[in-house]
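S.K.: I have a structure I would like to understand better, so I am pasting it below and will then ask my questions one at a time.
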Amino acid sequence: MTRKNVYSCQLNTGKQGTRKIELLAPAGNLEKAKTAIRYGADAVYIGGNRFSLRSRASNFSMEDIQELCQFAKEFGAKVHVTVNMLPHPDDFEGLKEYLLELDEAGIDAIIAASPAVLSLARSLDVGYELHVSTQHSTTNSKSIEFWKDQKMDRVVLARECTLEQVSAIAKKQILPIEAFIHGGMCISYSGRCVLSNHMTLRDANRGGCAQSCRWKYRVFDDPKSETPISPEHRLFSMSSRDLQAVDFVEEMINSGVSSLKIEGRMKSAYYIATVVSAYRRLIDEIYEKGFASDEFRKEIKMEIAKAENRPTGPGFFKGIPDRKVQLYRDHDETVTQEYVAEIIERIDDEKVLLRVRNKFTPFSHAEVFGPNIKPASIFIEEVYDEQGNPMEACSHPMQMVMARYDGPAPAFGMIRKRLGDDTTTGRNSDSKESD
Amino acid sequence: MFRVSANSKQELENLINAKSDGIILALPEFSIRQISFLDPEDLENTVQKIHEHSLLAAVNAMKMLEEDEIEEAEEFLKLCQSAGVDEIYIADEGWIQLARKMDLIDRLIFQPETLMVNSYDAKFYLDQGLKSVSMAHELTLDEILSCASVAGPIEILIQGYYSWMSSRRPLLSNYFEEIKSMNESDQSDPEDLKNKLYENESSDNQLYWIQEQKRAGKLPVIEDSSGTTVYSDEPICSYDEISLLKEHRINRFRIDTLFEDDEYGVRQLALYRNILNQKPIEESHKKGSDHLYSMKTVTRKDQMV
């Protein structure tokens, strides 16, 4: 197959240019990938059953990948497949066939770390693009020139770049640049950590990372000493806040970054829907108005916070992270909202068919959000089972129920509630905004 | 055949006298994982001295190159070129691109600590014209041997501590700041503990040891201006493997002297030479472990035996 240029214009040339920046979302399975696309992702990245990191993610069979490619085409979206493990000598078996099968499936790009994998794909004259993984920790434009000389199509920058460095690199327009804007961050340069290998025998660079960096360590100023200098109630840990780059997207668009990437192939469909739709709104606002106001960015941040389960920070975008960008305590996870139901369809003017995801009760406050709509507060009134019997609580995940509420019911929409609001609040409770 | 890092002027002298085939020097700014550095103004004379003994001079340039350091990196390479440096250890592709334009590519050794885990990837860099590629330490002995037959001139760290994790963040400083901030509201900690915590805060290089709550080994940690590196709890030691490695046509062996005294490199060099010459070695000089050569990792939790 002759190698095609799957992106009509590879380089983002800023707001004044012709190509809008790509919003690239993660997906651990077919459902999540479709959700990401419906909620506004221009492209999704997924892992196949082999040669991919994140072995704990569900990952895709070749049939799933084919189905996703068909689905993505209907939305004008792209599919990138991670082939990003660093293979040991015995891991190459079947790689050539796999790369060809991906081509047949119709994917748009692979993301790989091993030059051998990238070179093999290039030699096979596949139709998809070759993207150099962040596992290479690319932090400078000379490295991008190197990859361009190797006929690569895109480079994923290291998360260690400051915003200034990202802009300077992107402005050189050597190759399309992909930059992370959201999600978990390795404490190390990607690919340069083998703590997991040595402490658990699970290979970090082949998908087995046990996140040993996040464990607790005592600190000593003398290797022979048995008395640590670290207090027992606040031990040393190498854990970072997740990245959240709402304030930096405008600069990245203006400087010519081609793709904004969200991390999290292990995350839920709800998380993906929330984060993708929020960044979608942000990007569209910037293209439409030329900027995003402080107020608008604040709204987007509040929306994203409804999906977070770890505290977020600016990563390296504002410079070398200080102590506030790291996590030391045991319970830094914060969950404020819970995904309670999936909207199936509107039955009539009053009732909506829902699929239960987590427990909720009738006569309670909630929020609806969905593809192409702004989140809206609702008050769920009566809920009935499929036989029409009124329910006191919806506590069986995947049960179909009919709910009465006044508000939007978009196809593939989701209903979430604020944690702590799971008790019946009463028919006469005041309506309140979710935050 | 042997490359040994020099961590002090005394060690440099010792290695020259011991005729280490190559001596790895550290310079400020772009050399990492070092405790002490050579003054750049002394580089030319030092290289000359090494050459006078028919030995090779290598320089550690393994810092990840940042966008705003490119010009400085070019100057660094020019300095190495004019001083006649024979080999330059690097860890990112930006250096390759710079060296290519300066006709220095055949002096580069790619040493990213991790990443190089198969012969094809090693060959990719060798095909760019690099002199050698240092294989990652997470390979088993069998895997290393299989790579050697395909890749070409690969290098193996045979002795010394090696990096388990490399971060751009000042992890120790951030932690100490956290403790300091916590203590500002909690005055219950003894004063001497606080003093211990802060006494090295302002120095450029900090060396501490960390120990995971449920594990025995203490891991050395160095923080400097380029970030933080966590090292292995013990040095790799290859007394029982070097002959086999040599038989498989591996001809580059590196000894890292970090955390050791000025005589360490010379002692180890003599030991390995004796082994290759089939002479007896003194058990008391042995230091480290070779368990890495048989350490097989898995890719998923459910594969654990």
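Residue numbers start at 1 in each chain; chains themselves are named A, B, ... in the order of the structure tokens; ligands are numbered from 1 in the order shown.
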For A:Asn372, please output as a list in words all residues within 12 Å (counting only C-alpha atoms; exclusion window: fewer than 2 positions along the same chain).

M.R.: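 That gives Ile37, Arg38, Tyr39, Gly40, Ala41, Ala273, Thr274, Val276, Ser277, Ala278, Arg280, Arg281, Asp284, Val368, Phe369, Gly370, Lys374, Pro375, Pro408, Ala409, Pro410, Ala411, Phe412 and Gly413 of chain A.
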
S.K.: Taking only C-alpha atoms into account, which residues of chain A are within 7 Å of chain B, as a PyMOL selection string?

M.R.: chain A and resi 55+86-89+114-116+139-143+146+160+165+187-189+191-195+197+201-203+206-208+216-223+229+236+320-323

S.K.: To test your reading of the structure, identify every residue in stretch 59-244 of chain A that backbone DSSP assigns to strand (DSSP E or B), and report it as an MDAnalysis selection string.

M.R.: chainID A and resid 60 78:83 109:112 129:132 138 154:157 177:183 193 202 217:220 236 239:240 242:244

S.K.: Please produce an output containing N, CA and C atoms for each residue in the selection, written as a JSON list (two decimals), in the first residue's frame.

M.R.:
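After the write, result-v8.json holds the following:
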```json
[["chain", "number", "residue", "atom", "x", "y", "z"],
["A", 60, "PHE", "N", -7.58, -3.50, 22.73],
["A", 60, "PHE", "CA", -8.49, -3.77, 21.62],
["A", 60, "PHE", "C", -8.05, -5.00, 20.82],
["A", 78, "LYS", "N", -9.84, 10.34, 13.84],
["A", 78, "LYS", "CA", -8.70, 9.47, 13.54],
["A", 78, "LYS", "C", -8.46, 8.47, 14.66],
["A", 79, "VAL", "N", -7.79, 7.40, 14.30],
["A", 79, "VAL", "CA", -7.46, 6.36, 15.29],
["A", 79, "VAL", "C", -5.95, 6.14, 15.30],
["A", 80, "HIS", "N", -5.35, 6.37, 16.46],
["A", 80, "HIS", "CA", -3.91, 6.11, 16.64],
["A", 80, "HIS", "C", -3.77, 4.88, 17.53],
["A", 81, "VAL", "N", -2.84, 4.03, 17.19],
["A", 81, "VAL", "CA", -2.64, 2.82, 17.98],
["A", 81, "VAL", "C", -1.24, 2.85, 18.61],
["A", 82, "THR", "N", -1.20, 2.64, 19.92],
["A", 82, "THR", "CA", 0.09, 2.62, 20.59],
["A", 82, "THR", "C", 0.76, 1.26, 20.37],
["A", 83, "VAL", "N", 1.96, 1.32, 19.86],
["A", 83, "VAL", "CA", 2.80, 0.12, 19.74],
["A", 83, "VAL", "C", 4.08, 0.50, 20.49],
["A", 109, "ALA", "N", -2.53, 6.17, 12.52],
["A", 109, "ALA", "CA", -1.15, 6.35, 13.01],
["A", 109, "ALA", "C", -0.82, 5.30, 14.05],
["A", 110, "ILE", "N", 0.46, 5.00, 14.16],
["A", 110, "ILE", "CA", 0.93, 4.27, 15.34],
["A", 110, "ILE", "C", 1.81, 5.22, 16.16],
["A", 111, "ILE", "N", 1.81, 4.99, 17.46],
["A", 111, "ILE", "CA", 2.70, 5.73, 18.36],
["A", 111, "ILE", "C", 3.68, 4.69, 18.90],
["A", 112, "ALA", "N", 4.95, 4.85, 18.58],
["A", 112, "ALA", "CA", 5.93, 3.84, 18.99],
["A", 112, "ALA", "C", 7.17, 4.48, 19.59],
["A", 129, "GLU", "N", 0.47, 6.94, 9.65],
["A", 129, "GLU", "CA", 1.59, 7.78, 10.06],
["A", 129, "GLU", "C", 2.39, 7.13, 11.19],
["A", 130, "LEU", "N", 3.62, 7.60, 11.34],
["A", 130, "LEU", "CA", 4.51, 7.08, 12.38],
["A", 130, "LEU", "C", 4.81, 8.19, 13.38],
["A", 131, "HIS", "N", 4.34, 8.00, 14.60],
["A", 131, "HIS", "CA", 4.51, 9.02, 15.64],
["A", 131, "HIS", "C", 5.50, 8.54, 16.69],
["A", 132, "VAL", "N", 6.45, 9.39, 17.01],
["A", 132, "VAL", "CA", 7.48, 9.03, 17.99],
["A", 132, "VAL", "C", 6.92, 9.28, 19.40],
["A", 138, "THR", "N", 11.41, 13.60, 24.28],
["A", 138, "THR", "CA", 11.93, 14.62, 23.36],
["A", 138, "THR", "C", 11.73, 16.00, 23.97],
["A", 154, "ARG", "N", 5.42, 12.60, 13.22],
["A", 154, "ARG", "CA", 5.01, 13.43, 14.36],
["A", 154, "ARG", "C", 5.85, 13.02, 15.57],
["A", 155, "VAL", "N", 6.05, 13.98, 16.47],
["A", 155, "VAL", "CA", 6.78, 13.67, 17.71],
["A", 155, "VAL", "C", 5.91, 14.10, 18.90],
["A", 156, "VAL", "N", 5.79, 13.21, 19.86],
["A", 156, "VAL", "CA", 5.11, 13.55, 21.11],
["A", 156, "VAL", "C", 6.16, 14.10, 22.07],
["A", 157, "LEU", "N", 5.96, 15.34, 22.50],
["A", 157, "LEU", "CA", 6.96, 15.97, 23.36],
["A", 157, "LEU", "C", 6.97, 15.36, 24.75],
["A", 177, "ILE", "N", 3.78, 18.56, 16.21],
["A", 177, "ILE", "CA", 4.11, 18.31, 17.61],
["A", 177, "ILE", "C", 2.85, 17.95, 18.37],
["A", 178, "GLU", "N", 2.97, 16.92, 19.18],
["A", 178, "GLU", "CA", 1.86, 16.53, 20.05],
["A", 178, "GLU", "C", 2.30, 16.83, 21.49],
["A", 179, "ALA", "N", 1.43, 17.46, 22.26],
["A", 179, "ALA", "CA", 1.80, 17.79, 23.65],
["A", 179, "ALA", "C", 0.69, 17.36, 24.59],
["A", 180, "PHE", "N", 1.08, 16.82, 25.72],
["A", 180, "PHE", "CA", 0.10, 16.43, 26.73],
["A", 180, "PHE", "C", -0.51, 17.67, 27.38],
["A", 181, "ILE", "N", -1.81, 17.63, 27.58],
["A", 181, "ILE", "CA", -2.46, 18.73, 28.28],
["A", 181, "ILE", "C", -3.19, 18.26, 29.54],
["A", 182, "HIS", "N", -3.38, 16.96, 29.67],
["A", 182, "HIS", "CA", -4.15, 16.54, 30.84],
["A", 182, "HIS", "C", -3.84, 15.09, 31.23],
["A", 183, "GLY", "N", -3.90, 14.85, 32.54],
["A", 183, "GLY", "CA", -3.81, 13.48, 33.03],
["A", 183, "GLY", "C", -2.57, 13.20, 33.85],
["A", 193, "CYS", "N", 12.74, 5.02, 33.65],
["A", 193, "CYS", "CA", 12.51, 4.54, 35.01],
["A", 193, "CYS", "C", 12.33, 3.03, 35.00],
["A", 202, "ARG", "N", 8.20, -6.34, 37.53],
["A", 202, "ARG", "CA", 7.24, -5.98, 36.47],
["A", 202, "ARG", "C", 7.85, -4.89, 35.61],
["A", 217, "TYR", "N", 8.78, 6.06, 51.12],
["A", 217, "TYR", "CA", 10.19, 5.76, 51.37],
["A", 217, "TYR", "C", 10.69, 6.56, 52.58],
["A", 218, "ARG", "N", 11.54, 5.92, 53.37],
["A", 218, "ARG", "CA", 12.23, 6.64, 54.44],
["A", 218, "ARG", "C", 13.51, 7.24, 53.85],
["A", 219, "VAL", "N", 13.93, 8.37, 54.38],
["A", 219, "VAL", "CA", 15.12, 9.05, 53.86],
["A", 219, "VAL", "C", 16.23, 9.00, 54.91],
["A", 220, "PHE", "N", 17.43, 8.71, 54.44],
["A", 220, "PHE", "CA", 18.60, 8.63, 55.32],
["A", 220, "PHE", "C", 19.69, 9.56, 54.79],
["A", 236, "PHE", "N", 8.84, 10.16, 52.33],
["A", 236, "PHE", "CA", 9.17, 10.60, 50.97],
["A", 236, "PHE", "C", 8.38, 9.78, 49.96],
["A", 239, "SER", "N", 5.44, 11.12, 43.75],
["A", 239, "SER", "CA", 4.14, 11.12, 43.10],
["A", 239, "SER", "C", 3.78, 12.54, 42.72],
["A", 240, "SER", "N", 3.30, 12.70, 41.50],
["A", 240, "SER", "CA", 3.00, 14.04, 41.00],
["A", 240, "SER", "C", 1.49, 14.27, 40.93],
["A", 242, "ASP", "N", -1.69, 15.31, 38.88],
["A", 242, "ASP", "CA", -1.99, 15.15, 37.46],
["A", 242, "ASP", "C", -1.85, 16.51, 36.76],
["A", 243, "LEU", "N", -1.67, 16.44, 35.47],
["A", 243, "LEU", "CA", -1.55, 17.66, 34.66],
["A", 243, "LEU", "C", -2.93, 18.21, 34.32],
["A", 244, "GLN", "N", -3.07, 19.53, 34.36],
["A", 244, "GLN", "CA", -4.29, 20.20, 33.89],
["A", 244, "GLN", "C", -3.84, 21.49, 33.24]]
```

S.K.: Any chance you could list, as a ChimeraX atom specification, the residues in stretch 140-251 of chain B that come up helix (DSSP H, G or I) when DSSP is run on the backbone?

M.R.: /B:141-151,171-185,191-198,242-247

S.K.: Which one of B:Lys63, B:Lys78, B:Lys180, B:His248 sits closest to B:Gln34 if you count only C-alpha atoms?

M.R.: B:Lys63

S.K.: For A:Phe317, list every protein, DNA or RNA residue within 9 Å, evaluated using only C-alpha atoms, and leave out those in the same chain fewer than 4 positions away; present the list as JSON, numbers by chain.

M.R.: {"A": [159, 160, 161, 162, 163, 164, 165, 166, 245, 248, 321]}

S.K.: Write a file of the just-selected residues containing N, CA and C atoms, as a JSON list (two decimals), in the first residue's frame.

M.R.:
```json
[["chain", "number", "residue", "atom", "x", "y", "z"],
["A", 159, "ARG", "N", 6.85, 15.46, 28.75],
["A", 159, "ARG", "CA", 6.07, 16.29, 29.67],
["A", 159, "ARG", "C", 6.97, 17.18, 30.51],
["A", 160, "GLU", "N", 8.27, 17.07, 30.32],
["A", 160, "GLU", "CA", 9.22, 17.90, 31.07],
["A", 160, "GLU", "C", 9.42, 19.27, 30.42],
["A", 161, "CYS", "N", 8.80, 19.51, 29.27],
["A", 161, "CYS", "CA", 8.98, 20.82, 28.62],
["A", 161, "CYS", "C", 8.12, 21.87, 29.30],
["A", 162, "THR", "N", 8.69, 23.07, 29.45],
["A", 162, "THR", "CA", 7.89, 24.19, 29.93],
["A", 162, "THR", "C", 7.03, 24.69, 28.77],
["A", 163, "LEU", "N", 6.05, 25.53, 29.07],
["A", 163, "LEU", "CA", 5.22, 26.09, 28.01],
["A", 163, "LEU", "C", 6.07, 26.87, 27.02],
["A", 164, "GLU", "N", 7.02, 27.62, 27.56],
["A", 164, "GLU", "CA", 7.92, 28.40, 26.71],
["A", 164, "GLU", "C", 8.69, 27.49, 25.75],
["A", 165, "GLN", "N", 9.16, 26.36, 26.29],
["A", 165, "GLN", "CA", 9.91, 25.42, 25.44],
["A", 165, "GLN", "C", 9.00, 24.77, 24.40],
["A", 166, "VAL", "N", 7.79, 24.41, 24.82],
["A", 166, "VAL", "CA", 6.83, 23.81, 23.87],
["A", 166, "VAL", "C", 6.59, 24.80, 22.72],
["A", 245, "ALA", "N", -4.09, 21.63, 31.93],
["A", 245, "ALA", "CA", -3.45, 22.70, 31.17],
["A", 245, "ALA", "C", -4.45, 23.68, 30.56],
["A", 248, "PHE", "N", -3.13, 26.97, 29.40],
["A", 248, "PHE", "CA", -2.02, 26.98, 28.46],
["A", 248, "PHE", "C", -2.41, 26.60, 27.02],
["A", 321, "PRO", "N", 8.56, 21.95, 38.56],
["A", 321, "PRO", "CA", 7.54, 21.81, 39.60],
["A", 321, "PRO", "C", 8.12, 21.91, 41.01]]
```

S.K.: When you count only C-alpha atoms, which of these residues is closest to A:Phe92: A:Met391, A:Ala170, A:Ile107, A:Leu120?

M.R.: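 Counting only C-alpha atoms, the residue closest to A:Phe92 is A:Leu120.
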
S.K.: Choose the residue, out of B:Leu56, B:Ala216, B:Ala99, B:Ile109, that has the smallest atom-to-atom separation from B:Phe76; count only C-alpha atoms.

M.R.: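 Smallest distance to B:Phe76 is found for B:Ala99.
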
S.K.: How many Å separate atom CA of B:Glu263 from atom CA of B:Asp86?

M.R.: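 Calculated distance between atom CA of B:Glu263 and atom CA of B:Asp86 is 24.0 Å.
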
S.K.: Kindly give the distance, in Å, that separates atom CA of A:Ser258 and atom CA of A:Phe291, rounded to a single decimal.

M.R.: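 Those two atoms sit 17.6 Å apart.
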
S.K.: Which residues are close to A:Val352, i.e. within 8 Å by only C-alpha atoms, leaving aside same-chain residues fewer than 6 positions away? Reply as an MDAnalysis selection string.

M.R.: chainID A and resid 343:346 402:405 409

S.K.: Ranking A:Val335, A:Leu419, A:Ala393, A:Leu118 by minimum distance to A:Ala366 and counting only C-alpha atoms, which one comes first?

M.R.: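 Of A:Val335, A:Leu419, A:Ala393, A:Leu118, the one nearest A:Ala366, counting only C-alpha atoms, is A:Leu419.
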